[in-house]
Amino acid sequence: MEEGTMKAIVMARGEYGGLELLDKPIPRVAKNDVLVKMRKTAICGTDVHIYKWDAWAQRTIKTPMTIGHEFVGEIAAMGEDVKGLSIGQLVSGEGHIVCGICRQCIDGRQHLCRQTVGIGVNRDGVFAQYATIPATNIWPCDDKISENVLSIQDPLGNAIHTALSFNVLGEDVLVTGAGPIGLMSVPVLKMAGARNIVITARRPEPLAMAKALGATRTVDVTKENISDVLTELGMKEGFDVGLEMSGSPHAFADMVDNMANGGKIAILGIFADDVKLDWDKIIFRSLTLKGIYGREMYNTWYQMSALLQSGLAEKLEGIVTHEFHYTEYDKGFAAMIKGEAVKVVLNWD
């Protein structure tokens with residue numbers, strides 16, 4: 001591909017809203033890399049943290065940094081050692097780049113690599129007309145699926161990894177937090193055979209979407225108690241599986257209180273404050289706690305492709321609530337920060 005320049009959304013200054021649309025050189029393609037021409041990218045909560053330049057961003061992001069890690073695009077060029085892919089192919093990709101040589105990587109557990117580098121966090125990301133991605137991280141896409149849905153496979157993978165961490169067939173599941181990932185977990189749980197799916201939030205709008213996605217019961221925790229819902233649904237012993245998606249210490253404690261003995265909890269939410277739990281409840285009720293980070297590489301991607309082709313894609317069409325041209329990225333971030341949007345997609349065509 002000819003050398004030239006491209007447009008990129010760059011965290012240029014270490015301050016709130018320090019993003020700029022800049023001209024940058026089109027990145028060179030190393031022998032094991034793929035150059036992707038972006039079609040659509042999606043704004044993640046991580047990108048919002050960077051935009052706000054909060055404490056996490058200040059200690060993590062080195063400016064200037066092209067941000068973004070959720071994408072779908074087409075292959076524009078490939079390195080000389082890349083096999084099994086083709087120019088023009090529709091692709092997305094895993095946003096965590098691993099070392100490939102540590103114990104976890106060579107044991108097939110790359111998602112546990114301690115040397116993980118995040119695209120758009122630790123190295124330049126995909127909010128650009130072009131981005132280079134290691135060929136090992138590229139995931140071919142089914143072009144019969146909506147590009148909006150294909151662009152959000154990264155967070156969808158988080159939802160699938162969390163929802164399928166434990167067997168949910170015939171089980172009663174509590175989801176705390178109706179953000180994008182919590183919402184996407186609902187139809188996944190439904191397809192996996194969960195019996196009752198109860199989801200909590202503090203606002204009615206996401207709960208209405210959760211209901212449309214297949215939740216058995218939604219709970220506005222400003223007005224209702226989870227324990228009352230247990231009685232209503234005839235659940236005498238509590239929830240078998242919990243998915244903590246909120247990052248709220250109170251929601252997590254509430255979940256623990258309503259688990260059945262021997263219940264299992266998958267924790268994806270990031271807690272900004274210290275979490276104080278009654279550890280006697282964890283120990284004497286034999287609860288299992290499992291932390292979730294990213295996606296299993298690459299089992300989650302195989303599961304996700306199968307689920308999308310089996311009807312999940314159609315169920316998720318409404319998750320993308322706002323679309324903007326990439327030049328209007330500020331509007332996209334504003335919609336996220338104001339709570340008006342579930343997922344925002346930036347168009348690069």
# chains A, B, ... in the order shown; residues from 1 in each chain; ligands from 1
call {"tool": "residues_around", "arguments": {"residues": "segment 158-169 of chain A", "least_positions_apart": "4", "cutoff": "7 Å", "atoms": "only C-alpha atoms", "output": "PyMOL selection string"}}
result
chain A and resi 154+181-182+184-185+188-189+192-194+243+266+268+292+294-296+300
call {"tool": "write_last_selection", "arguments": {"atoms": "all heavy atoms", "output": "compact mmCIF listing (two decimals), in the first residue's frame"}}
result
# COMPACT_ATOMS: atom_id res chain seq x y z
N ASP A 154 -16.00 -6.92 20.85
CA ASP A 154 -15.12 -6.88 22.03
C ASP A 154 -15.95 -6.88 23.32
O ASP A 154 -15.77 -7.76 24.17
CB ASP A 154 -14.21 -5.65 21.93
CG ASP A 154 -13.26 -5.50 23.09
OD1 ASP A 154 -13.72 -5.18 24.21
OD2 ASP A 154 -12.04 -5.67 22.90
N ILE A 181 -22.74 -4.24 28.65
CA ILE A 181 -22.33 -5.64 28.78
C ILE A 181 -23.37 -6.42 29.57
O ILE A 181 -23.70 -7.57 29.23
CB ILE A 181 -20.93 -5.73 29.41
CG1 ILE A 181 -19.91 -5.06 28.48
CG2 ILE A 181 -20.55 -7.17 29.66
CD1 ILE A 181 -18.51 -4.97 29.05
N GLY A 182 -23.91 -5.82 30.62
CA GLY A 182 -24.98 -6.48 31.36
C GLY A 182 -26.18 -6.76 30.47
O GLY A 182 -26.76 -7.85 30.52
N MET A 184 -26.17 -7.11 27.17
CA MET A 184 -25.85 -8.14 26.18
C MET A 184 -25.79 -9.53 26.78
O MET A 184 -25.98 -10.53 26.08
CB MET A 184 -24.53 -7.80 25.48
CG MET A 184 -24.66 -6.63 24.51
SD MET A 184 -23.20 -6.38 23.46
CE MET A 184 -22.08 -5.60 24.62
N SER A 185 -25.57 -9.61 28.09
CA SER A 185 -25.53 -10.93 28.72
C SER A 185 -26.91 -11.58 28.77
O SER A 185 -27.01 -12.81 28.82
CB SER A 185 -24.95 -10.82 30.14
OG SER A 185 -25.89 -10.26 31.05
N VAL A 188 -27.73 -13.83 25.82
CA VAL A 188 -26.77 -14.94 25.87
C VAL A 188 -27.22 -15.97 26.91
O VAL A 188 -27.24 -17.18 26.66
CB VAL A 188 -25.35 -14.42 26.19
CG1 VAL A 188 -24.38 -15.59 26.39
CG2 VAL A 188 -24.86 -13.51 25.08
N LEU A 189 -27.60 -15.49 28.09
CA LEU A 189 -28.10 -16.38 29.14
C LEU A 189 -29.35 -17.12 28.68
O LEU A 189 -29.53 -18.31 28.96
CB LEU A 189 -28.41 -15.58 30.41
CG LEU A 189 -27.22 -15.00 31.17
CD1 LEU A 189 -27.68 -13.96 32.18
CD2 LEU A 189 -26.42 -16.11 31.86
N ALA A 192 -28.45 -19.83 26.41
CA ALA A 192 -27.72 -20.89 27.12
C ALA A 192 -28.62 -21.70 28.04
O ALA A 192 -28.15 -22.63 28.70
CB ALA A 192 -26.56 -20.29 27.91
N GLY A 193 -29.90 -21.32 28.12
CA GLY A 193 -30.86 -22.15 28.85
C GLY A 193 -31.14 -21.76 30.28
O GLY A 193 -31.69 -22.57 31.05
N ALA A 194 -30.78 -20.52 30.70
CA ALA A 194 -31.10 -20.09 32.06
C ALA A 194 -32.61 -20.08 32.26
O ALA A 194 -33.37 -19.81 31.33
CB ALA A 194 -30.52 -18.71 32.32
N LEU A 243 -23.93 -12.59 38.00
CA LEU A 243 -23.01 -11.87 37.11
C LEU A 243 -22.94 -10.43 37.61
O LEU A 243 -23.92 -9.68 37.48
CB LEU A 243 -23.49 -11.89 35.66
CG LEU A 243 -23.88 -13.24 35.04
CD1 LEU A 243 -24.24 -13.06 33.57
CD2 LEU A 243 -22.77 -14.27 35.20
N ALA A 266 -19.60 -14.54 38.91
CA ALA A 266 -18.58 -14.04 37.98
C ALA A 266 -18.57 -12.52 38.07
O ALA A 266 -19.62 -11.87 37.94
CB ALA A 266 -18.90 -14.50 36.56
N LEU A 268 -17.26 -9.00 36.65
CA LEU A 268 -16.66 -8.22 35.56
C LEU A 268 -16.54 -6.75 35.94
O LEU A 268 -15.63 -6.06 35.49
CB LEU A 268 -17.50 -8.36 34.29
CG LEU A 268 -16.95 -7.62 33.07
CD1 LEU A 268 -15.78 -8.39 32.47
CD2 LEU A 268 -18.03 -7.42 32.02
N ILE A 292 -13.34 -11.78 36.07
CA ILE A 292 -13.36 -11.88 34.60
C ILE A 292 -12.66 -10.66 34.01
O ILE A 292 -12.95 -9.52 34.36
CB ILE A 292 -14.81 -11.92 34.06
CG1 ILE A 292 -15.60 -13.05 34.71
CG2 ILE A 292 -14.80 -12.06 32.54
CD1 ILE A 292 -15.14 -14.43 34.37
N GLY A 294 -11.64 -9.38 30.09
CA GLY A 294 -11.59 -9.59 28.65
C GLY A 294 -12.32 -10.85 28.23
O GLY A 294 -13.34 -11.24 28.78
N ARG A 295 -11.75 -11.51 27.22
CA ARG A 295 -12.35 -12.69 26.61
C ARG A 295 -11.36 -13.84 26.69
O ARG A 295 -10.14 -13.62 26.66
CB ARG A 295 -12.67 -12.41 25.13
CG ARG A 295 -13.68 -11.28 24.94
CD ARG A 295 -13.35 -10.42 23.76
NE ARG A 295 -12.05 -9.78 23.91
CZ ARG A 295 -11.82 -8.68 24.64
NH1 ARG A 295 -12.81 -8.11 25.30
NH2 ARG A 295 -10.60 -8.16 24.73
N GLU A 296 -11.85 -15.06 26.76
CA GLU A 296 -10.95 -16.21 26.64
C GLU A 296 -10.45 -16.26 25.20
O GLU A 296 -11.23 -16.19 24.25
CB GLU A 296 -11.66 -17.51 27.00
CG GLU A 296 -11.94 -17.65 28.48
CD GLU A 296 -12.41 -19.05 28.84
OE1 GLU A 296 -12.70 -19.85 27.91
OE2 GLU A 296 -12.50 -19.36 30.04
N THR A 300 -13.84 -17.80 23.49
CA THR A 300 -14.97 -16.88 23.51
C THR A 300 -15.33 -16.41 22.11
O THR A 300 -16.51 -16.25 21.77
CB THR A 300 -14.66 -15.66 24.41
OG1 THR A 300 -14.44 -16.10 25.75
CG2 THR A 300 -15.80 -14.66 24.40
call {"tool": "residues_around", "arguments": {"residues": "Ala42 of chain A", "least_positions_apart": "3", "cutoff": "12 Å", "atoms": "only C-alpha atoms", "output": "ChimeraX atom specification"}}
result
/A:38-39,45-48,67-73,92,125-128,147-156,180,319-326,329,332-333,336,341-348
call {"tool": "write_last_selection", "arguments": {"atoms": "N, CA and C atoms", "output": "tab-separated table (two decimals), in the first residue's frame"}}
result
chain	number	residue	atom	x	y	z
A	38	MET	N	-10.61	0.89	8.58
A	38	MET	CA	-11.78	0.86	9.46
A	38	MET	C	-13.07	1.21	8.71
A	39	ARG	N	-14.12	0.47	9.07
A	39	ARG	CA	-15.46	0.81	8.61
A	39	ARG	C	-16.26	1.42	9.76
A	45	GLY	N	-16.48	2.04	27.43
A	45	GLY	CA	-16.34	2.73	28.70
A	45	GLY	C	-14.90	3.10	28.99
A	46	THR	N	-13.96	2.27	28.53
A	46	THR	CA	-12.54	2.59	28.70
A	46	THR	C	-12.19	3.89	27.98
A	47	ASP	N	-12.73	4.07	26.78
A	47	ASP	CA	-12.48	5.31	26.04
A	47	ASP	C	-13.05	6.52	26.77
A	48	VAL	N	-14.18	6.33	27.44
A	48	VAL	CA	-14.77	7.42	28.22
A	48	VAL	C	-13.88	7.77	29.40
A	67	ILE	N	-6.71	6.35	20.41
A	67	ILE	CA	-7.47	5.47	21.29
A	67	ILE	C	-8.40	4.56	20.49
A	68	GLY	N	-9.17	3.73	21.20
A	68	GLY	CA	-10.17	2.87	20.58
A	68	GLY	C	-9.69	1.44	20.38
A	69	HIS	N	-10.59	0.48	20.62
A	69	HIS	CA	-10.24	-0.92	20.43
A	69	HIS	C	-11.41	-1.78	19.94
A	70	GLU	N	-12.58	-1.20	19.74
A	70	GLU	CA	-13.73	-1.95	19.22
A	70	GLU	C	-13.92	-1.57	17.76
A	71	PHE	N	-13.90	-2.56	16.84
A	71	PHE	CA	-13.90	-2.21	15.43
A	71	PHE	C	-14.37	-3.34	14.53
A	72	VAL	N	-14.76	-2.94	13.33
A	72	VAL	CA	-14.89	-3.83	12.19
A	72	VAL	C	-14.35	-3.07	10.98
A	73	GLY	N	-13.63	-3.77	10.13
A	73	GLY	CA	-13.04	-3.13	8.96
A	73	GLY	C	-12.66	-4.18	7.93
A	92	SER	N	-12.72	-8.28	12.41
A	92	SER	CA	-12.63	-7.57	13.67
A	92	SER	C	-11.39	-8.14	14.36
A	125	GLY	N	-4.49	2.79	18.90
A	125	GLY	CA	-5.70	2.03	18.71
A	125	GLY	C	-6.34	2.20	17.35
A	126	VAL	N	-7.65	1.95	17.31
A	126	VAL	CA	-8.37	1.79	16.05
A	126	VAL	C	-9.26	2.98	15.69
A	127	PHE	N	-9.26	4.03	16.48
A	127	PHE	CA	-10.02	5.22	16.10
A	127	PHE	C	-9.22	6.00	15.07
A	128	ALA	N	-9.11	5.40	13.91
A	128	ALA	CA	-8.31	5.96	12.82
A	128	ALA	C	-8.79	5.33	11.52
A	147	GLU	N	-22.83	-4.69	10.45
A	147	GLU	CA	-21.52	-4.16	10.83
A	147	GLU	C	-21.59	-3.44	12.18
A	148	ASN	N	-22.75	-2.91	12.55
A	148	ASN	CA	-22.89	-2.32	13.88
A	148	ASN	C	-22.64	-3.37	14.95
A	149	VAL	N	-23.24	-4.55	14.77
A	149	VAL	CA	-23.04	-5.63	15.74
A	149	VAL	C	-21.61	-6.14	15.68
A	150	LEU	N	-21.06	-6.29	14.50
A	150	LEU	CA	-19.67	-6.76	14.37
A	150	LEU	C	-18.69	-5.81	15.04
A	151	SER	N	-19.02	-4.53	15.08
A	151	SER	CA	-18.10	-3.55	15.68
A	151	SER	C	-18.06	-3.63	17.19
A	152	ILE	N	-19.04	-4.30	17.81
A	152	ILE	CA	-19.09	-4.36	19.28
A	152	ILE	C	-18.80	-5.77	19.80
A	153	GLN	N	-18.05	-6.55	19.03
A	153	GLN	CA	-17.74	-7.91	19.47
A	153	GLN	C	-16.81	-7.94	20.68
A	154	ASP	N	-16.00	-6.92	20.85
A	154	ASP	CA	-15.12	-6.88	22.03
A	154	ASP	C	-15.95	-6.88	23.32
A	155	PRO	N	-16.87	-5.94	23.52
A	155	PRO	CA	-17.69	-5.99	24.75
A	155	PRO	C	-18.67	-7.15	24.76
A	156	LEU	N	-19.16	-7.54	23.59
A	156	LEU	CA	-20.03	-8.73	23.55
A	156	LEU	C	-19.26	-9.95	24.03
A	180	PRO	N	-24.08	-1.68	28.90
A	180	PRO	CA	-24.05	-2.43	27.64
A	180	PRO	C	-23.73	-3.91	27.81
A	319	ILE	N	-28.79	-2.46	20.58
A	319	ILE	CA	-27.76	-2.05	21.53
A	319	ILE	C	-27.03	-0.80	21.06
A	320	VAL	N	-26.82	-0.69	19.74
A	320	VAL	CA	-26.21	0.53	19.18
A	320	VAL	C	-27.32	1.56	19.03
A	321	THR	N	-27.30	2.54	19.92
A	321	THR	CA	-28.37	3.54	19.95
A	321	THR	C	-28.01	4.83	19.22
A	322	HIS	N	-26.71	5.07	18.99
A	322	HIS	CA	-26.28	6.31	18.35
A	322	HIS	C	-25.17	6.02	17.35
A	323	GLU	N	-25.21	6.72	16.21
A	323	GLU	CA	-24.15	6.64	15.21
A	323	GLU	C	-23.75	8.05	14.79
A	324	PHE	N	-22.45	8.25	14.64
A	324	PHE	CA	-21.92	9.54	14.21
A	324	PHE	C	-20.78	9.30	13.23
A	325	HIS	N	-20.56	10.27	12.34
A	325	HIS	CA	-19.35	10.26	11.53
A	325	HIS	C	-18.17	10.50	12.46
A	326	TYR	N	-17.02	9.93	12.11
A	326	TYR	CA	-15.88	10.04	13.02
A	326	TYR	C	-15.48	11.47	13.33
A	329	TYR	N	-16.91	12.88	16.72
A	329	TYR	CA	-16.65	12.02	17.87
A	329	TYR	C	-17.04	12.67	19.19
A	332	GLY	N	-20.47	11.81	20.12
A	332	GLY	CA	-20.56	10.44	20.61
A	332	GLY	C	-20.17	10.32	22.06
A	333	PHE	N	-19.06	10.97	22.44
A	333	PHE	CA	-18.64	10.93	23.84
A	333	PHE	C	-19.64	11.64	24.74
A	336	MET	N	-22.49	9.35	25.51
A	336	MET	CA	-22.11	8.33	26.49
A	336	MET	C	-22.06	8.92	27.90
A	341	ALA	N	-26.83	7.23	25.63
A	341	ALA	CA	-26.53	6.16	24.70
A	341	ALA	C	-26.22	4.86	25.44
A	342	VAL	N	-26.51	3.75	24.79
A	342	VAL	CA	-26.03	2.45	25.27
A	342	VAL	C	-24.68	2.18	24.61
A	343	LYS	N	-24.67	2.06	23.27
A	343	LYS	CA	-23.42	1.97	22.53
A	343	LYS	C	-23.44	3.01	21.41
A	344	VAL	N	-22.29	3.63	21.19
A	344	VAL	CA	-22.11	4.63	20.14
A	344	VAL	C	-21.13	4.10	19.11
A	345	VAL	N	-21.52	4.19	17.83
A	345	VAL	CA	-20.66	3.75	16.74
A	345	VAL	C	-20.20	4.96	15.94
A	346	LEU	N	-18.91	4.99	15.58
A	346	LEU	CA	-18.35	6.01	14.71
A	346	LEU	C	-18.14	5.40	13.33
A	347	ASN	N	-18.66	6.06	12.30
A	347	ASN	CA	-18.52	5.60	10.93
A	347	ASN	C	-17.29	6.21	10.27
A	348	TRP	N	-16.49	5.38	9.60
A	348	TRP	CA	-15.24	5.84	8.99
A	348	TRP	C	-15.29	5.86	7.47
call {"tool": "atom_distance", "arguments": {"atom1": "atom CA of Gly118 of chain A", "atom2": "atom CA of Ile61 of chain A"}}
result
10.6 Å
call {"tool": "closest_residue", "arguments": {"among": "A:Ala77, A:Ile97, A:Ile26, A:Ile226", "to": "Gly4 of chain A", "atoms": "only C-alpha atoms"}}
result
A:Ile26
call {"tool": "select_by_dssp", "arguments": {"residues": "segment 91-310 of chain A", "states": "strand (DSSP E)", "output": "PyMOL selection string"}}
result
chain A and resi 91-93+96-97+117-118+130-134+138-140+173-176+197-201+217-220+239-244+259-267+288-291
call {"tool": "write_last_selection", "arguments": {"atoms": "N, CA and C atoms", "output": "compact mmCIF listing (two decimals), in the first residue's frame"}}
result
# COMPACT_ATOMS: atom_id res chain seq x y z
N VAL A 91 -13.12 -8.04 8.82
CA VAL A 91 -12.52 -8.58 10.04
C VAL A 91 -12.80 -7.68 11.24
N SER A 92 -12.72 -8.28 12.41
CA SER A 92 -12.63 -7.57 13.67
C SER A 92 -11.39 -8.14 14.36
N GLY A 93 -11.28 -7.96 15.68
CA GLY A 93 -10.09 -8.50 16.31
C GLY A 93 -10.07 -8.40 17.81
N HIS A 96 -6.51 -7.52 23.04
CA HIS A 96 -5.40 -7.80 23.96
C HIS A 96 -4.29 -8.52 23.20
N ILE A 97 -3.13 -7.91 23.15
CA ILE A 97 -1.98 -8.51 22.48
C ILE A 97 -1.09 -9.13 23.55
N VAL A 117 -0.78 -6.37 26.33
CA VAL A 117 -0.77 -4.97 25.87
C VAL A 117 -2.14 -4.67 25.27
N GLY A 118 -2.77 -3.60 25.71
CA GLY A 118 -4.10 -3.25 25.23
C GLY A 118 -4.06 -2.30 24.05
N TYR A 130 -6.93 3.86 9.44
CA TYR A 130 -6.21 2.60 9.32
C TYR A 130 -5.54 2.27 10.65
N ALA A 131 -5.40 0.96 10.91
CA ALA A 131 -4.66 0.52 12.09
C ALA A 131 -3.99 -0.81 11.77
N THR A 132 -2.81 -1.02 12.35
CA THR A 132 -2.14 -2.32 12.20
C THR A 132 -2.46 -3.18 13.42
N ILE A 133 -2.79 -4.44 13.13
CA ILE A 133 -3.15 -5.42 14.16
C ILE A 133 -2.34 -6.69 13.88
N PRO A 134 -1.75 -7.31 14.91
CA PRO A 134 -1.09 -8.59 14.67
C PRO A 134 -2.06 -9.59 14.05
N ILE A 138 -6.44 -11.04 14.60
CA ILE A 138 -7.50 -10.78 13.64
C ILE A 138 -8.55 -11.88 13.68
N TRP A 139 -9.84 -11.48 13.63
CA TRP A 139 -10.94 -12.44 13.63
C TRP A 139 -11.83 -12.19 12.41
N PRO A 140 -11.86 -13.12 11.45
CA PRO A 140 -12.72 -12.95 10.27
C PRO A 140 -14.19 -12.88 10.66
N VAL A 173 -30.44 -16.88 37.43
CA VAL A 173 -29.28 -16.01 37.31
C VAL A 173 -29.64 -14.58 37.67
N LEU A 174 -28.79 -13.96 38.48
CA LEU A 174 -28.93 -12.55 38.83
C LEU A 174 -27.83 -11.77 38.15
N VAL A 175 -28.20 -10.70 37.42
CA VAL A 175 -27.25 -9.80 36.78
C VAL A 175 -27.37 -8.45 37.46
N THR A 176 -26.31 -7.97 38.09
CA THR A 176 -26.34 -6.64 38.69
C THR A 176 -25.63 -5.67 37.76
N ILE A 197 -33.94 -15.04 34.65
CA ILE A 197 -32.88 -14.06 34.47
C ILE A 197 -33.38 -12.75 35.07
N VAL A 198 -32.79 -12.36 36.19
CA VAL A 198 -33.18 -11.12 36.88
C VAL A 198 -32.04 -10.12 36.76
N ILE A 199 -32.35 -8.90 36.36
CA ILE A 199 -31.31 -7.89 36.17
C ILE A 199 -31.68 -6.62 36.92
N THR A 200 -30.70 -5.98 37.53
CA THR A 200 -30.94 -4.79 38.34
C THR A 200 -30.27 -3.56 37.74
N ALA A 201 -30.84 -2.40 38.04
CA ALA A 201 -30.25 -1.11 37.64
C ALA A 201 -30.92 -0.03 38.47
N ARG A 217 -37.30 -10.80 34.81
CA ARG A 217 -37.75 -9.76 35.74
C ARG A 217 -36.67 -8.70 35.84
N THR A 218 -37.06 -7.45 35.80
CA THR A 218 -36.13 -6.34 35.99
C THR A 218 -36.41 -5.71 37.35
N VAL A 219 -35.36 -5.19 37.97
CA VAL A 219 -35.48 -4.64 39.32
C VAL A 219 -34.86 -3.25 39.36
N ASP A 220 -35.67 -2.24 39.59
CA ASP A 220 -35.18 -0.89 39.86
C ASP A 220 -34.86 -0.83 41.34
N PHE A 239 -30.30 -17.33 44.18
CA PHE A 239 -29.80 -17.46 42.81
C PHE A 239 -28.65 -18.46 42.75
N ASP A 240 -28.64 -19.22 41.67
CA ASP A 240 -27.57 -20.21 41.47
C ASP A 240 -26.30 -19.55 40.94
N VAL A 241 -26.48 -18.56 40.05
CA VAL A 241 -25.36 -17.90 39.40
C VAL A 241 -25.57 -16.39 39.45
N GLY A 242 -24.51 -15.65 39.72
CA GLY A 242 -24.57 -14.19 39.70
C GLY A 242 -23.54 -13.62 38.74
N LEU A 243 -23.93 -12.59 38.00
CA LEU A 243 -23.01 -11.87 37.11
C LEU A 243 -22.94 -10.43 37.61
N GLU A 244 -21.81 -10.04 38.20
CA GLU A 244 -21.66 -8.68 38.71
C GLU A 244 -21.08 -7.79 37.61
N MET A 259 -27.71 -15.05 47.10
CA MET A 259 -27.23 -16.25 46.43
C MET A 259 -27.65 -17.50 47.20
N ALA A 260 -27.87 -18.57 46.46
CA ALA A 260 -28.11 -19.88 47.08
C ALA A 260 -26.80 -20.43 47.64
N ASN A 261 -26.89 -21.29 48.60
CA ASN A 261 -25.69 -21.98 49.08
C ASN A 261 -25.02 -22.71 47.91
N GLY A 262 -23.69 -22.54 47.80
CA GLY A 262 -22.98 -23.14 46.69
C GLY A 262 -23.07 -22.34 45.41
N GLY A 263 -23.65 -21.13 45.48
CA GLY A 263 -23.79 -20.28 44.30
C GLY A 263 -22.45 -19.82 43.75
N LYS A 264 -22.45 -19.44 42.49
CA LYS A 264 -21.24 -19.03 41.80
C LYS A 264 -21.41 -17.63 41.23
N ILE A 265 -20.40 -16.76 41.45
CA ILE A 265 -20.47 -15.37 41.02
C ILE A 265 -19.30 -15.05 40.11
N ALA A 266 -19.60 -14.54 38.91
CA ALA A 266 -18.58 -14.04 37.98
C ALA A 266 -18.57 -12.52 38.07
N ILE A 267 -17.40 -11.93 38.28
CA ILE A 267 -17.28 -10.50 38.56
C ILE A 267 -16.54 -9.81 37.42
N THR A 288 -18.62 -19.33 45.29
CA THR A 288 -17.45 -19.25 44.42
C THR A 288 -17.42 -17.88 43.76
N LEU A 289 -16.28 -17.18 43.84
CA LEU A 289 -16.10 -15.89 43.19
C LEU A 289 -15.05 -16.04 42.09
N LYS A 290 -15.35 -15.55 40.90
CA LYS A 290 -14.41 -15.63 39.78
C LYS A 290 -14.29 -14.27 39.11
N GLY A 291 -13.08 -13.72 39.04
CA GLY A 291 -12.86 -12.47 38.33
C GLY A 291 -12.78 -12.70 36.83
call {"tool": "select_by_dssp", "arguments": {"residues": "segment 111-322 of chain A", "states": "helix (DSSP H, G or I)", "output": "PyMOL selection string"}}
result
chain A and resi 111-112+135-137+147-150+153-163+180-191+204-212+226-232+249-257+279-284+299-315+317-319
call {"tool": "residues_around", "arguments": {"residues": "Met297 of chain A", "least_positions_apart": "5", "cutoff": "7 Å", "atoms": "only C-alpha atoms", "output": "short mmCIF file (atom, residue, chain, number, x, y, z; two decimals) with C-alpha atoms, in the first residue's frame"}}
result
data_model
loop_
_atom_site.label_atom_id
_atom_site.label_comp_id
_atom_site.auth_asym_id
_atom_site.auth_seq_id
_atom_site.Cartn_x
_atom_site.Cartn_y
_atom_site.Cartn_z
CA ARG A 109 -4.58 -19.55 28.19
CA GLN A 110 -3.46 -16.36 26.47
CA HIS A 111 -6.14 -14.32 28.21
#
call {"tool": "residues_around", "arguments": {"residues": "Val275 of chain A", "least_positions_apart": "2", "cutoff": "7 Å", "atoms": "only C-alpha atoms", "output": "PyMOL selection string"}}
result
chain A and resi 249+273+277
call {"tool": "decode", "arguments": {"residues": "segment 66-92 of chain A", "atoms": "C-alpha atoms", "output": "tab-separated table (two decimals), in the first residue's frame"}}
result
chain	number	residue	atom	x	y	z
A	66	THR	CA	-4.68	7.05	19.26
A	67	ILE	CA	-7.47	5.47	21.29
A	68	GLY	CA	-10.17	2.87	20.58
A	69	HIS	CA	-10.24	-0.92	20.43
A	70	GLU	CA	-13.73	-1.95	19.22
A	71	PHE	CA	-13.90	-2.21	15.43
A	72	VAL	CA	-14.89	-3.83	12.19
A	73	GLY	CA	-13.04	-3.13	8.96
A	74	GLU	CA	-11.50	-4.67	5.87
A	75	ILE	CA	-7.97	-5.89	5.28
A	76	ALA	CA	-6.06	-3.32	3.23
A	77	ALA	CA	-2.59	-4.89	3.37
A	78	MET	CA	-0.79	-7.82	4.96
A	79	GLY	CA	2.74	-8.59	6.06
A	80	GLU	CA	4.78	-11.11	4.11
A	81	ASP	CA	4.40	-13.86	6.72
A	82	VAL	CA	0.61	-13.60	7.14
A	83	LYS	CA	-1.28	-16.69	5.99
A	84	GLY	CA	-4.96	-17.61	5.75
A	85	LEU	CA	-6.32	-14.08	5.28
A	86	SER	CA	-7.07	-12.03	2.16
A	87	ILE	CA	-7.17	-8.43	1.01
A	88	GLY	CA	-10.68	-6.97	1.31
A	89	GLN	CA	-11.77	-9.52	3.93
A	90	LEU	CA	-14.14	-8.23	6.62
A	91	VAL	CA	-12.52	-8.58	10.04
A	92	SER	CA	-12.63	-7.57	13.67
